[in-house]
Every structure is written in C-alpha cells, then in structure tokens.
Amino acid sequence: MADKKPLYKEFTKGLIAENPVLRLVLGTCPTLAVSTSVEGAIGMGVAASIVLICSNIVISALRKIIPGKVRIPAYIVIIASFVTIVQMLVKAYVPSIDESLGVYLPLIVVNCIILGRAEAFAGKNSVIASAVDGMGMGVGFTGALLAMAVIREFFGSGSIAGFQLIQESWPVDPMIIFILPPGGFFVFGMLIAVANRLAEKKGKPKAELHGCESCPMAASCSLIGTDDSCDVKEATVK
Amino acid sequence: MTKAFLAILVTAILTENFLLSKFLGICPFLGVSKKLNTATGMSMAVIFVMLLATAVTYPINKFILVANDMAYLQTIVFIFVIAALVQLVEIVLKKYIPALYSALGIYLPLITTNCAVLGVVILNVDNGYNFAQSMVNTLGAGLGFLVAMVMFAGVRERLESCDVPKFMQGLPITLVAASLTSISFLGFTGIVEGIFG
C-alpha cells in the first residue's frame, strides 16, 4: 500500500501531519516526564529514534518470517534488545543523560510509538520504507519533545539548554510550576490545542487519544467499539 | 520496621504518585478514566498484575540474573516475563475464576505495554529494595494508581457537563484537568518526612 508513495513522504508525514506526539498522541509518558530540560528532551528523542529506526528495520526484514500470532511478543523482544544496547551505550558515553533520564531510558521498551510503528508500518512495508518511516517519526517525536522542553525550561527555570536567560538580578522569577508535573500536563494540553487549531484550519480531524487504529494493542484489545474504548472524542458534550 | 514500610507505602501513594508525579501509565489515565467503574476495573487489574510481576521478577532478578552477573539483561527479561505473565493470567482466570475474569479480563491485554508495570519493577531494582520492601512499594504504587484514576474519573464526569471553549474541547481540556489534579497532589510534598522522619 504505502510502498507506492514517494519515499520522502514517508519521512515528512511523521514531522507534522502524523506527528506521533501531537497528532497521534502516542508516547505521552516520556513526553511529559523528560521535557523538563532541553538536554533531557534531546537525549530521550535521540535514544528513542535510534531504537525506533533499528527496530523498524529488523522487524520489517523479518516480517515474512514472524508468524502473525506471536508477532507482538516477537516485536517486544526485538525492541527490548535495541533498548538494552542503547542503554549500555548511553551509560558508557553520556552518563549525564543516563542520570537525567533515569528509569525512562529502559522504559523506551514500552513507548507506544515504537510498538505502534512496528504494528502499523514496519510489519507491512519494505525495509527501506520502514527505515525512512522510523526516521520521520523519530524526528517528529524529538521535535515535539523539544517544543515542550523549550517552553517548560524557559518558564520554569528561566534558561534554555542550560543558558540562563532570565537573570537573577531581574525583578521576575521563573515559574517553578512549569518544571513540576502539573506544568507538564498543562503545556502538553496547550500544545495539543494549538495543533488541533492548525489542523482544523486545514480541514483535518482533531487529535484524539489513540483513535484505536494507531494503538499497538488494538489487535488484542476488547474495548474497541464499546463505550469504554480509549477514544476521548466522545467525552466532550457537543 | 513497620514505620519504614509505612513510609514506603505513603511515599508511593501520595508524594511520588505514579500517574501524577512520575507520569507512568498515562495512556490508561487519559484513555480509560471516562467512567468511574472502568477506572476502578483498570486500576484493580493494574494492581493485580503489578504485584504478580514483582513477585515473579524479584527472584528471577536475584537468583538468575544478578547471581550469574547478567544484570544487563534486566530490561529484556522483565518485559518478556511481564508479557508472558499477562497472557498466562488471562488464560488461568478465564478457565478457573470466570467471575474475576469478567471483571478484569478486558483490561489485561492493555497492561502488557503499560509503563507502570515495567516501571515499578525497574524502580524496585534501582532502589535496591528487598522482597518485602518491593512488595510494599508495588502495593503503594498500585494504590496510588487507583486513587489518581478514581479522583480523575470524578473530575472527568463533571467535565462532561461543562461548557468548554471550542479550541480546548476533547484532549486539551482533559490534560488541563489532569494538571489541576496533579497540583492537588503537590500538597503532599514533605508529608512523609513530617510524619515518619
């Protein structure tokens, strides 16, 4: 299906039209957790992108060998192997990033973007298309993380990537709430609202939580189509 | 001794709440918190799987991985054990305890890739807890998950009858509501040191 589209489109769709964080609303946990500083956001973005590209390539190469019934466990093992490799590399070469990411580094395994792309794209498309798709999604994820982190670090600690912009002698103090958990939810909500507004202008649908087809667990989820499914759209009264 | 356990429990429930301050398990928090009964069902399933996962991974980590100097395999082994465990629990419940299966069963597949379960297992190892401490911490994390889910489900039900500005409808207002719920938990900061310190 998607093989017929030109390759560059597989890349660019991940940047804006199908941005994994702001449009598909996947990978919310790391987005909220590590976006307190630009350094952490870049570290998480790059680490997750490497895992995403590598696992997309391997899963796509093995797509005809892995039996359909055990594909989810097989994907999880492939992803976990790459996460372990990245984890060891980060620990060895950039220990400061390892410290700032903490438990969220091994938790890349359960980042729904990666399993979601494996299930929705890599399992059905050629190796090259999957690699390009992984790159686009990785850049889109990193971009969204960066946008969150720039806003939160600027308002919360008065700096961007460690450079102090709001001087101590100034009569304004940074609003610490932005780097605390509530600030994460708030900034993310605002970014989604902006993304929705821009999408609406172009006549595209609003971002919904998952919209089950992009959810990696859709195959085994029994909530689909019921009132309880992860579809936020219905929650608001028109 | 009891005091130390209570401190771990209260920290895990209130000050370091999994959903509202650690951001672990946000997908179900936003996805399945629309109604009180689904929120409770999902939380119960999470507590159940978390406790089982801790009970199973602790000996595997201690007697197989650490004993053989293979601690670097933790991530792979843990996620695989959790995935297998969830499948097994589903099969066993379906066959032998159908009542429990009908209450929790539909949530089980969603839990495999829930970062809260893998997160609590990894945090127990990182914190160097022994078996009893791990179980208490896991129970606290699960109860904290339940408390946040139930609170947020209440907020969501009220939100449905509100007149929300058009551009905030849907997900944005849900996230802002989560932000306000999270602020309420900030109030517990320091409570553990105050009581148990």
# chains A, B, ... in the order shown; residues from 1 in each chain; ligands from 1
$ closest_atom_pairs --of "chain B" --to "chain A" --cutoff "7 Å" --atoms "only C-alpha atoms" --output "CSV"
residue,atom,partner,partner_atom,distance
B:Leu20,CA,A:Pro181,CA,6.7
B:Ser21,CA,A:Pro181,CA,5.4
B:Lys22,CA,A:Ala33,CA,6.8
B:Phe23,CA,A:Cys29,CA,5.3
B:Leu24,CA,A:Cys29,CA,5.9
B:Gly25,CA,A:Cys29,CA,6.8
B:Ile26,CA,A:Cys29,CA,5.7
B:Gly31,CA,A:Cys230,CA,4.2
B:Val32,CA,A:Cys230,CA,5.8
B:Lys34,CA,A:Ala235,CA,7.0
B:Thr75,CA,A:Pro106,CA,6.3
B:Ile76,CA,A:Ala80,CA,5.1
B:Phe80,CA,A:Val77,CA,6.9
B:Ile106,CA,A:Ser222,CA,5.8
B:Pro109,CA,A:Cys221,CA,6.2
B:Leu110,CA,A:Met217,CA,6.3
B:Thr113,CA,A:Val110,CA,5.2
B:Asn114,CA,A:Val110,CA,6.7
B:Cys115,CA,A:Val110,CA,5.8
B:Gly119,CA,A:Leu107,CA,6.8
B:Leu123,CA,A:Val103,CA,6.9
B:Glu160,CA,A:Thr236,CA,5.4
B:Ser161,CA,A:Val237,CA,6.8
B:Phe167,CA,A:Ala193,CA,6.0
B:Met168,CA,A:Ala193,CA,5.8
B:Gln169,CA,A:Thr236,CA,6.5
B:Gly170,CA,A:Lys233,CA,5.7
B:Leu171,CA,A:Val232,CA,6.5
B:Pro172,CA,A:Gly189,CA,4.2
B:Ile173,CA,A:Gly189,CA,6.7
B:Leu175,CA,A:Gly189,CA,4.9
B:Val176,CA,A:Phe186,CA,5.0
B:Ala178,CA,A:Phe185,CA,6.4
B:Ser179,CA,A:Pro182,CA,4.3
B:Leu180,CA,A:Pro182,CA,6.6
B:Ser182,CA,A:Pro182,CA,5.3
B:Ile183,CA,A:Pro182,CA,5.7
$ write_last_selection --atoms "N, CA and C atoms" --output "short mmCIF file (atom, residue, chain, number, x, y, z; two decimals), in the first residue's frame"
data_model
loop_
_atom_site.label_atom_id
_atom_site.label_comp_id
_atom_site.auth_asym_id
_atom_site.auth_seq_id
_atom_site.Cartn_x
_atom_site.Cartn_y
_atom_site.Cartn_z
N LEU B 20 0.55 10.95 38.66
CA LEU B 20 0.54 12.40 38.69
C LEU B 20 1.91 13.02 38.94
N SER B 21 2.89 12.25 39.42
CA SER B 21 4.20 12.88 39.53
C SER B 21 5.28 12.12 38.79
N LYS B 22 5.08 10.85 38.49
CA LYS B 22 6.09 10.11 37.74
C LYS B 22 5.70 9.89 36.29
N PHE B 23 4.49 10.19 35.93
CA PHE B 23 4.00 10.03 34.55
C PHE B 23 4.16 8.61 34.03
N LEU B 24 3.89 7.62 34.86
CA LEU B 24 3.95 6.24 34.37
C LEU B 24 2.51 5.74 34.24
N GLY B 25 2.16 5.25 33.06
CA GLY B 25 0.80 4.76 32.84
C GLY B 25 -0.17 5.85 32.46
N ILE B 26 0.30 6.83 31.69
CA ILE B 26 -0.57 7.94 31.31
C ILE B 26 -1.65 7.49 30.31
N GLY B 31 -7.07 7.50 28.84
CA GLY B 31 -7.96 6.73 27.97
C GLY B 31 -9.14 6.11 28.67
N VAL B 32 -8.90 5.46 29.81
CA VAL B 32 -9.98 4.68 30.42
C VAL B 32 -10.51 5.33 31.69
N LYS B 34 -12.88 7.63 31.74
CA LYS B 34 -14.10 8.36 31.45
C LYS B 34 -15.20 8.05 32.46
N THR B 75 16.21 -5.47 31.31
CA THR B 75 15.11 -4.89 30.53
C THR B 75 14.42 -5.96 29.67
N ILE B 76 15.23 -6.74 28.95
CA ILE B 76 14.66 -7.75 28.06
C ILE B 76 13.89 -8.80 28.85
N PHE B 80 9.72 -9.41 28.91
CA PHE B 80 9.25 -10.69 28.39
C PHE B 80 8.47 -11.45 29.46
N ILE B 106 -10.94 -7.81 30.38
CA ILE B 106 -10.83 -6.95 29.21
C ILE B 106 -9.68 -5.96 29.33
N PRO B 109 -5.00 -7.28 28.35
CA PRO B 109 -4.09 -7.09 27.21
C PRO B 109 -3.49 -5.69 27.16
N LEU B 110 -4.23 -4.71 27.66
CA LEU B 110 -3.73 -3.33 27.62
C LEU B 110 -2.58 -3.11 28.60
N THR B 113 1.85 -3.47 27.76
CA THR B 113 2.71 -2.37 27.36
C THR B 113 2.45 -1.13 28.21
N ASN B 114 1.97 -1.34 29.43
CA ASN B 114 1.75 -0.22 30.32
C ASN B 114 3.04 0.07 31.06
N CYS B 115 3.54 1.31 30.95
CA CYS B 115 4.85 1.56 31.56
C CYS B 115 4.80 1.49 33.07
N GLY B 119 7.75 -0.11 34.92
CA GLY B 119 8.35 0.95 35.71
C GLY B 119 8.53 0.56 37.16
N LEU B 123 12.05 0.22 39.08
CA LEU B 123 12.32 1.10 40.21
C LEU B 123 12.66 0.31 41.47
N GLU B 160 -17.81 16.65 31.68
CA GLU B 160 -18.71 16.37 30.55
C GLU B 160 -19.85 17.37 30.45
N SER B 161 -20.27 17.90 31.61
CA SER B 161 -21.41 18.82 31.57
C SER B 161 -20.96 20.27 31.55
N PHE B 167 -11.78 25.52 21.15
CA PHE B 167 -10.42 25.05 20.84
C PHE B 167 -9.84 24.15 21.92
N MET B 168 -10.47 24.15 23.11
CA MET B 168 -9.96 23.32 24.20
C MET B 168 -10.70 21.99 24.31
N GLN B 169 -11.75 21.80 23.50
CA GLN B 169 -12.56 20.59 23.66
C GLN B 169 -11.78 19.32 23.42
N GLY B 170 -12.17 18.25 24.14
CA GLY B 170 -11.52 16.97 23.95
C GLY B 170 -10.26 16.84 24.77
N LEU B 171 -9.19 16.44 24.12
CA LEU B 171 -7.95 16.15 24.82
C LEU B 171 -7.35 17.34 25.57
N PRO B 172 -7.28 18.56 24.98
CA PRO B 172 -6.63 19.66 25.71
C PRO B 172 -7.24 19.91 27.08
N ILE B 173 -8.55 19.96 27.18
CA ILE B 173 -9.16 20.25 28.48
C ILE B 173 -8.93 19.09 29.45
N LEU B 175 -6.24 17.30 29.59
CA LEU B 175 -4.88 17.45 30.10
C LEU B 175 -4.80 18.59 31.11
N VAL B 176 -5.53 19.67 30.87
CA VAL B 176 -5.51 20.77 31.84
C VAL B 176 -6.14 20.31 33.16
N ALA B 178 -6.07 17.27 34.22
CA ALA B 178 -5.06 16.42 34.84
C ALA B 178 -4.02 17.27 35.55
N SER B 179 -3.68 18.41 34.95
CA SER B 179 -2.71 19.31 35.55
C SER B 179 -3.21 19.80 36.91
N LEU B 180 -4.50 20.17 36.97
CA LEU B 180 -5.05 20.67 38.23
C LEU B 180 -5.11 19.55 39.27
N SER B 182 -3.10 17.13 39.42
CA SER B 182 -1.72 16.91 39.81
C SER B 182 -1.26 17.95 40.83
N ILE B 183 -1.75 19.20 40.68
CA ILE B 183 -1.40 20.25 41.64
C ILE B 183 -1.86 19.86 43.04
#
$ residues_around --residues "Ala141 of chain B" --least-positions-apart "3" --cutoff "7 Å" --atoms "only C-alpha atoms" --output "compact mmCIF listing (two decimals) with N, CA and C atoms, in the first residue's frame"
# COMPACT_ATOMS: atom_id res chain seq x y z
N ALA B 12 4.80 6.09 48.04
CA ALA B 12 4.38 5.59 46.74
C ALA B 12 2.96 6.04 46.39
N ILE B 13 2.09 6.14 47.42
CA ILE B 13 0.70 6.53 47.11
C ILE B 13 0.58 8.03 46.89
N ASN B 17 3.30 9.77 43.49
CA ASN B 17 2.22 9.09 42.77
C ASN B 17 2.64 8.75 41.34
N PHE B 18 2.42 7.49 40.96
CA PHE B 18 2.87 7.02 39.64
C PHE B 18 2.30 7.85 38.50
N ASN B 137 6.26 -1.42 48.16
CA ASN B 137 6.36 -0.32 47.21
C ASN B 137 5.40 -0.54 46.04
N THR B 138 5.33 -1.79 45.57
CA THR B 138 4.44 -2.11 44.45
C THR B 138 2.99 -1.89 44.83
N GLY B 144 -1.77 4.04 44.63
CA GLY B 144 -1.67 5.42 44.16
C GLY B 144 -2.31 5.57 42.79
N PHE B 145 -2.09 4.53 41.94
CA PHE B 145 -2.70 4.50 40.61
C PHE B 145 -4.22 4.54 40.74
$ select_by_dssp --residues "segment 61-168 of chain B" --states "helix (DSSP H, G or I)" --output "PyMOL selection string"
chain B and resi 61-66+71-96+98-111+115-126+131-159+166-168
$ write_last_selection --atoms "C-alpha atoms" --output "PDB file, in the first residue's frame"
ATOM      1  CA  ASN B  61      16.495 -10.985  39.034  1.00  0.00           C
ATOM      2  CA  LYS B  62      18.150 -12.002  42.281  1.00  0.00           C
ATOM      3  CA  PHE B  63      18.834 -15.695  41.725  1.00  0.00           C
ATOM      4  CA  ILE B  64      19.315 -15.878  37.963  1.00  0.00           C
ATOM      5  CA  LEU B  65      20.393 -12.510  36.585  1.00  0.00           C
ATOM      6  CA  VAL B  66      22.422 -10.970  39.408  1.00  0.00           C
ATOM      7  CA  ALA B  71      22.076  -7.819  35.212  1.00  0.00           C
ATOM      8  CA  TYR B  72      22.375  -6.058  31.858  1.00  0.00           C
ATOM      9  CA  LEU B  73      19.643  -8.380  30.539  1.00  0.00           C
ATOM     10  CA  GLN B  74      17.100  -6.973  33.019  1.00  0.00           C
ATOM     11  CA  THR B  75      15.111  -4.894  30.527  1.00  0.00           C
ATOM     12  CA  ILE B  76      14.660  -7.755  28.056  1.00  0.00           C
ATOM     13  CA  VAL B  77      13.901 -10.384  30.691  1.00  0.00           C
ATOM     14  CA  PHE B  78      11.483  -8.190  32.658  1.00  0.00           C
ATOM     15  CA  ILE B  79       9.360  -7.139  29.695  1.00  0.00           C
ATOM     16  CA  PHE B  80       9.255 -10.691  28.390  1.00  0.00           C
ATOM     17  CA  VAL B  81       8.271 -12.095  31.782  1.00  0.00           C
ATOM     18  CA  ILE B  82       5.558  -9.446  32.144  1.00  0.00           C
ATOM     19  CA  ALA B  83       4.190 -10.135  28.659  1.00  0.00           C
ATOM     20  CA  ALA B  84       4.136 -13.893  29.271  1.00  0.00           C
ATOM     21  CA  LEU B  85       2.656 -13.412  32.739  1.00  0.00           C
ATOM     22  CA  VAL B  86      -0.222 -11.300  31.472  1.00  0.00           C
ATOM     23  CA  GLN B  87      -1.063 -13.946  28.865  1.00  0.00           C
ATOM     24  CA  LEU B  88      -0.886 -16.696  31.472  1.00  0.00           C
ATOM     25  CA  VAL B  89      -3.038 -14.778  33.956  1.00  0.00           C
ATOM     26  CA  GLU B  90      -5.617 -14.221  31.245  1.00  0.00           C
ATOM     27  CA  ILE B  91      -5.777 -17.926  30.404  1.00  0.00           C
ATOM     28  CA  VAL B  92      -5.866 -19.069  34.040  1.00  0.00           C
ATOM     29  CA  LEU B  93      -8.527 -16.556  35.065  1.00  0.00           C
ATOM     30  CA  LYS B  94     -10.700 -17.436  32.088  1.00  0.00           C
ATOM     31  CA  LYS B  95     -10.612 -21.128  32.965  1.00  0.00           C
ATOM     32  CA  TYR B  96     -10.752 -21.152  36.760  1.00  0.00           C
ATOM     33  CA  PRO B  98     -14.557 -16.596  35.452  1.00  0.00           C
ATOM     34  CA  ALA B  99     -16.050 -14.006  37.837  1.00  0.00           C
ATOM     35  CA  LEU B 100     -12.707 -12.254  38.232  1.00  0.00           C
ATOM     36  CA  TYR B 101     -12.033 -12.642  34.519  1.00  0.00           C
ATOM     37  CA  SER B 102     -15.225 -10.877  33.572  1.00  0.00           C
ATOM     38  CA  ALA B 103     -14.277  -8.005  35.881  1.00  0.00           C
ATOM     39  CA  LEU B 104     -10.596  -7.606  34.927  1.00  0.00           C
ATOM     40  CA  GLY B 105     -10.166  -9.655  31.764  1.00  0.00           C
ATOM     41  CA  ILE B 106     -10.833  -6.950  29.206  1.00  0.00           C
ATOM     42  CA  TYR B 107      -8.148  -4.721  30.690  1.00  0.00           C
ATOM     43  CA  LEU B 108      -5.402  -7.329  30.808  1.00  0.00           C
ATOM     44  CA  PRO B 109      -4.090  -7.087  27.213  1.00  0.00           C
ATOM     45  CA  LEU B 110      -3.727  -3.329  27.623  1.00  0.00           C
ATOM     46  CA  ILE B 111      -1.472  -3.812  30.608  1.00  0.00           C
ATOM     47  CA  CYS B 115       4.848   1.557  31.559  1.00  0.00           C
ATOM     48  CA  ALA B 116       3.545   1.491  35.127  1.00  0.00           C
ATOM     49  CA  VAL B 117       4.127  -2.279  35.447  1.00  0.00           C
ATOM     50  CA  LEU B 118       7.633  -2.340  33.935  1.00  0.00           C
ATOM     51  CA  GLY B 119       8.353   0.953  35.710  1.00  0.00           C
ATOM     52  CA  VAL B 120       7.596  -0.347  39.197  1.00  0.00           C
ATOM     53  CA  VAL B 121       9.678  -3.485  38.625  1.00  0.00           C
ATOM     54  CA  ILE B 122      12.692  -1.468  37.430  1.00  0.00           C
ATOM     55  CA  LEU B 123      12.317   1.104  40.210  1.00  0.00           C
ATOM     56  CA  ASN B 124      12.285  -1.673  42.838  1.00  0.00           C
ATOM     57  CA  VAL B 125      15.613  -2.941  41.472  1.00  0.00           C
ATOM     58  CA  ASP B 126      17.092   0.573  41.140  1.00  0.00           C
ATOM     59  CA  PHE B 131      11.475  -8.667  48.641  1.00  0.00           C
ATOM     60  CA  ALA B 132       9.172  -7.298  51.363  1.00  0.00           C
ATOM     61  CA  GLN B 133      10.047  -3.679  50.555  1.00  0.00           C
ATOM     62  CA  SER B 134       9.486  -4.330  46.850  1.00  0.00           C
ATOM     63  CA  MET B 135       6.044  -5.770  47.502  1.00  0.00           C
ATOM     64  CA  VAL B 136       5.076  -2.841  49.750  1.00  0.00           C
ATOM     65  CA  ASN B 137       6.355  -0.317  47.212  1.00  0.00           C
ATOM     66  CA  THR B 138       4.440  -2.111  44.452  1.00  0.00           C
ATOM     67  CA  LEU B 139       1.263  -2.154  46.509  1.00  0.00           C
ATOM     68  CA  GLY B 140       1.689   1.573  47.195  1.00  0.00           C
ATOM     69  CA  ALA B 141       2.287   2.333  43.529  1.00  0.00           C
ATOM     70  CA  GLY B 142      -0.845   0.351  42.606  1.00  0.00           C
ATOM     71  CA  LEU B 143      -2.989   2.022  45.271  1.00  0.00           C
ATOM     72  CA  GLY B 144      -1.667   5.419  44.156  1.00  0.00           C
ATOM     73  CA  PHE B 145      -2.695   4.499  40.611  1.00  0.00           C
ATOM     74  CA  LEU B 146      -6.188   3.626  41.893  1.00  0.00           C
ATOM     75  CA  VAL B 147      -6.524   6.854  43.905  1.00  0.00           C
ATOM     76  CA  ALA B 148      -5.459   9.044  40.970  1.00  0.00           C
ATOM     77  CA  MET B 149      -7.669   7.166  38.495  1.00  0.00           C
ATOM     78  CA  VAL B 150     -10.756   7.380  40.723  1.00  0.00           C
ATOM     79  CA  MET B 151     -10.185  11.066  41.500  1.00  0.00           C
ATOM     80  CA  PHE B 152      -9.664  11.869  37.837  1.00  0.00           C
ATOM     81  CA  ALA B 153     -12.709   9.867  36.753  1.00  0.00           C
ATOM     82  CA  GLY B 154     -14.754  12.075  39.081  1.00  0.00           C
ATOM     83  CA  VAL B 155     -13.261  15.189  37.522  1.00  0.00           C
ATOM     84  CA  ARG B 156     -13.931  13.858  34.013  1.00  0.00           C
ATOM     85  CA  GLU B 157     -17.576  13.149  34.808  1.00  0.00           C
ATOM     86  CA  ARG B 158     -18.038  16.742  35.922  1.00  0.00           C
ATOM     87  CA  LEU B 159     -16.168  17.971  32.864  1.00  0.00           C
ATOM     88  CA  LYS B 166     -14.188  25.164  21.271  1.00  0.00           C
ATOM     89  CA  PHE B 167     -10.422  25.052  20.841  1.00  0.00           C
ATOM     90  CA  MET B 168      -9.963  23.319  24.197  1.00  0.00           C
TER      91      MET B 168
END
$ residues_around --residues "Ala41 of chain A" --least-positions-apart "6" --cutoff "10 Å" --atoms "only C-alpha atoms" --output "PyMOL selection string"
chain A and resi 30-35+47+97+100-101+141-150+161
$ atom_distance --atom1 "atom CA of Ala7 of chain B" --atom2 "atom CA of Tyr58 of chain B"
21.0 Å
$ atom_distance --atom1 "atom CA of Gly138 of chain A" --atom2 "atom CA of Thr174 of chain B"
25.9 Å
$ residues_around --residues "Ala17 of chain A" --least-positions-apart "5" --cutoff "12 Å" --atoms "only C-alpha atoms" --output "list of chain:residue names"
A:Lys9, A:Glu10, A:Phe11, A:Thr12, A:Leu22, A:Arg23, A:Leu24, A:Gly136, A:Met137, A:Gly140, A:Ala195, A:Asn196, A:Leu198, A:Ala199, A:Glu200, A:Lys202, A:Gly203, A:Lys204, A:Pro205, A:Lys206, A:Ala207
$ closest_residue --among "A:Gly134, A:Gly162, A:Pro171, A:Gly123" --to "Ala61 of chain A" --atoms "only C-alpha atoms"
A:Gly123
$ atom_distance --atom1 "atom CA of Val86 of chain A" --atom2 "atom CA of Lys64 of chain A"
26.3 Å
$ decode --residues "segment 19-52 of chain B" --atoms "N, CA and C atoms" --output "mmCIF file, in the first residue's frame"
data_model
loop_
_atom_site.group_PDB
_atom_site.id
_atom_site.type_symbol
_atom_site.label_atom_id
_atom_site.label_comp_id
_atom_site.auth_asym_id
_atom_site.auth_seq_id
_atom_site.Cartn_x
_atom_site.Cartn_y
_atom_site.Cartn_z
ATOM 1 N N LEU B 19 1.007 8.149 38.573
ATOM 2 C CA LEU B 19 0.385 8.859 37.448
ATOM 3 C C LEU B 19 0.678 10.338 37.476
ATOM 4 N N LEU B 20 0.550 10.945 38.657
ATOM 5 C CA LEU B 20 0.542 12.402 38.695
ATOM 6 C C LEU B 20 1.913 13.018 38.938
ATOM 7 N N SER B 21 2.887 12.248 39.418
ATOM 8 C CA SER B 21 4.195 12.883 39.525
ATOM 9 C C SER B 21 5.285 12.120 38.793
ATOM 10 N N LYS B 22 5.078 10.850 38.487
ATOM 11 C CA LYS B 22 6.094 10.107 37.743
ATOM 12 C C LYS B 22 5.704 9.892 36.292
ATOM 13 N N PHE B 23 4.487 10.194 35.934
ATOM 14 C CA PHE B 23 3.999 10.031 34.555
ATOM 15 C C PHE B 23 4.158 8.614 34.034
ATOM 16 N N LEU B 24 3.892 7.616 34.863
ATOM 17 C CA LEU B 24 3.954 6.241 34.371
ATOM 18 C C LEU B 24 2.514 5.739 34.237
ATOM 19 N N GLY B 25 2.162 5.254 33.055
ATOM 20 C CA GLY B 25 0.800 4.755 32.842
ATOM 21 C C GLY B 25 -0.175 5.847 32.462
ATOM 22 N N ILE B 26 0.297 6.826 31.694
ATOM 23 C CA ILE B 26 -0.567 7.937 31.312
ATOM 24 C C ILE B 26 -1.645 7.492 30.315
ATOM 25 N N CYS B 27 -1.327 6.494 29.464
ATOM 26 C CA CYS B 27 -2.317 6.076 28.457
ATOM 27 C C CYS B 27 -3.643 5.666 29.095
ATOM 28 N N PRO B 28 -3.642 4.712 30.052
ATOM 29 C CA PRO B 28 -4.935 4.387 30.680
ATOM 30 C C PRO B 28 -5.499 5.554 31.471
ATOM 31 N N PHE B 29 -4.614 6.381 32.026
ATOM 32 C CA PHE B 29 -5.072 7.523 32.835
ATOM 33 C C PHE B 29 -5.932 8.451 31.985
ATOM 34 N N LEU B 30 -5.518 8.696 30.741
ATOM 35 C CA LEU B 30 -6.305 9.562 29.871
ATOM 36 C C LEU B 30 -7.375 8.778 29.119
ATOM 37 N N GLY B 31 -7.075 7.500 28.840
ATOM 38 C CA GLY B 31 -7.961 6.733 27.968
ATOM 39 C C GLY B 31 -9.139 6.108 28.667
ATOM 40 N N VAL B 32 -8.901 5.455 29.805
ATOM 41 C CA VAL B 32 -9.981 4.685 30.424
ATOM 42 C C VAL B 32 -10.507 5.328 31.694
ATOM 43 N N SER B 33 -10.381 6.654 31.796
ATOM 44 C CA SER B 33 -10.848 7.280 33.039
ATOM 45 C C SER B 33 -12.176 8.001 32.824
ATOM 46 N N LYS B 34 -12.876 7.631 31.744
ATOM 47 C CA LYS B 34 -14.103 8.365 31.455
ATOM 48 C C LYS B 34 -15.200 8.048 32.457
ATOM 49 N N LYS B 35 -15.234 6.777 32.896
ATOM 50 C CA LYS B 35 -16.275 6.398 33.836
ATOM 51 C C LYS B 35 -15.656 5.780 35.075
ATOM 52 N N LEU B 36 -16.347 5.972 36.194
ATOM 53 C CA LEU B 36 -15.799 5.523 37.466
ATOM 54 C C LEU B 36 -15.580 4.018 37.489
ATOM 55 N N ASN B 37 -16.545 3.244 36.940
ATOM 56 C CA ASN B 37 -16.400 1.785 37.059
ATOM 57 C C ASN B 37 -15.277 1.237 36.181
ATOM 58 N N THR B 38 -15.082 1.823 34.991
ATOM 59 C CA THR B 38 -13.962 1.356 34.169
ATOM 60 C C THR B 38 -12.636 1.758 34.809
ATOM 61 N N ALA B 39 -12.595 2.962 35.378
ATOM 62 C CA ALA B 39 -11.361 3.422 36.019
ATOM 63 C C ALA B 39 -10.981 2.480 37.157
ATOM 64 N N THR B 40 -11.994 2.077 37.960
ATOM 65 C CA THR B 40 -11.715 1.166 39.075
ATOM 66 C C THR B 40 -11.271 -0.188 38.548
ATOM 67 N N GLY B 41 -11.970 -0.702 37.530
ATOM 68 C CA GLY B 41 -11.620 -2.012 36.982
ATOM 69 C C GLY B 41 -10.198 -2.039 36.462
ATOM 70 N N MET B 42 -9.837 -1.026 35.688
ATOM 71 C CA MET B 42 -8.488 -0.939 35.138
ATOM 72 C C MET B 42 -7.454 -0.882 36.263
ATOM 73 N N SER B 43 -7.725 -0.064 37.302
ATOM 74 C CA SER B 43 -6.767 0.066 38.399
ATOM 75 C C SER B 43 -6.589 -1.256 39.125
ATOM 76 N N MET B 44 -7.699 -1.971 39.344
ATOM 77 C CA MET B 44 -7.615 -3.265 40.033
ATOM 78 C C MET B 44 -6.744 -4.221 39.222
ATOM 79 N N ALA B 45 -6.952 -4.233 37.896
ATOM 80 C CA ALA B 45 -6.148 -5.106 37.049
ATOM 81 C C ALA B 45 -4.677 -4.716 37.130
ATOM 82 N N VAL B 46 -4.396 -3.405 37.159
ATOM 83 C CA VAL B 46 -3.004 -2.956 37.242
ATOM 84 C C VAL B 46 -2.379 -3.396 38.560
ATOM 85 N N ILE B 47 -3.111 -3.208 39.678
ATOM 86 C CA ILE B 47 -2.586 -3.611 40.988
ATOM 87 C C ILE B 47 -2.262 -5.106 40.985
ATOM 88 N N PHE B 48 -3.206 -5.894 40.471
ATOM 89 C CA PHE B 48 -3.059 -7.347 40.419
ATOM 90 C C PHE B 48 -1.811 -7.746 39.629
ATOM 91 N N VAL B 49 -1.671 -7.202 38.415
ATOM 92 C CA VAL B 49 -0.540 -7.571 37.564
ATOM 93 C C VAL B 49 0.781 -7.052 38.133
ATOM 94 N N MET B 50 0.758 -5.831 38.698
ATOM 95 C CA MET B 50 1.978 -5.269 39.288
ATOM 96 C C MET B 50 2.508 -6.166 40.412
ATOM 97 N N LEU B 51 1.585 -6.583 41.316
ATOM 98 C CA LEU B 51 2.009 -7.409 42.450
ATOM 99 C C LEU B 51 2.568 -8.738 41.945
ATOM 100 N N LEU B 52 1.864 -9.363 40.977
ATOM 101 C CA LEU B 52 2.341 -10.623 40.420
ATOM 102 C C LEU B 52 3.700 -10.447 39.764
#
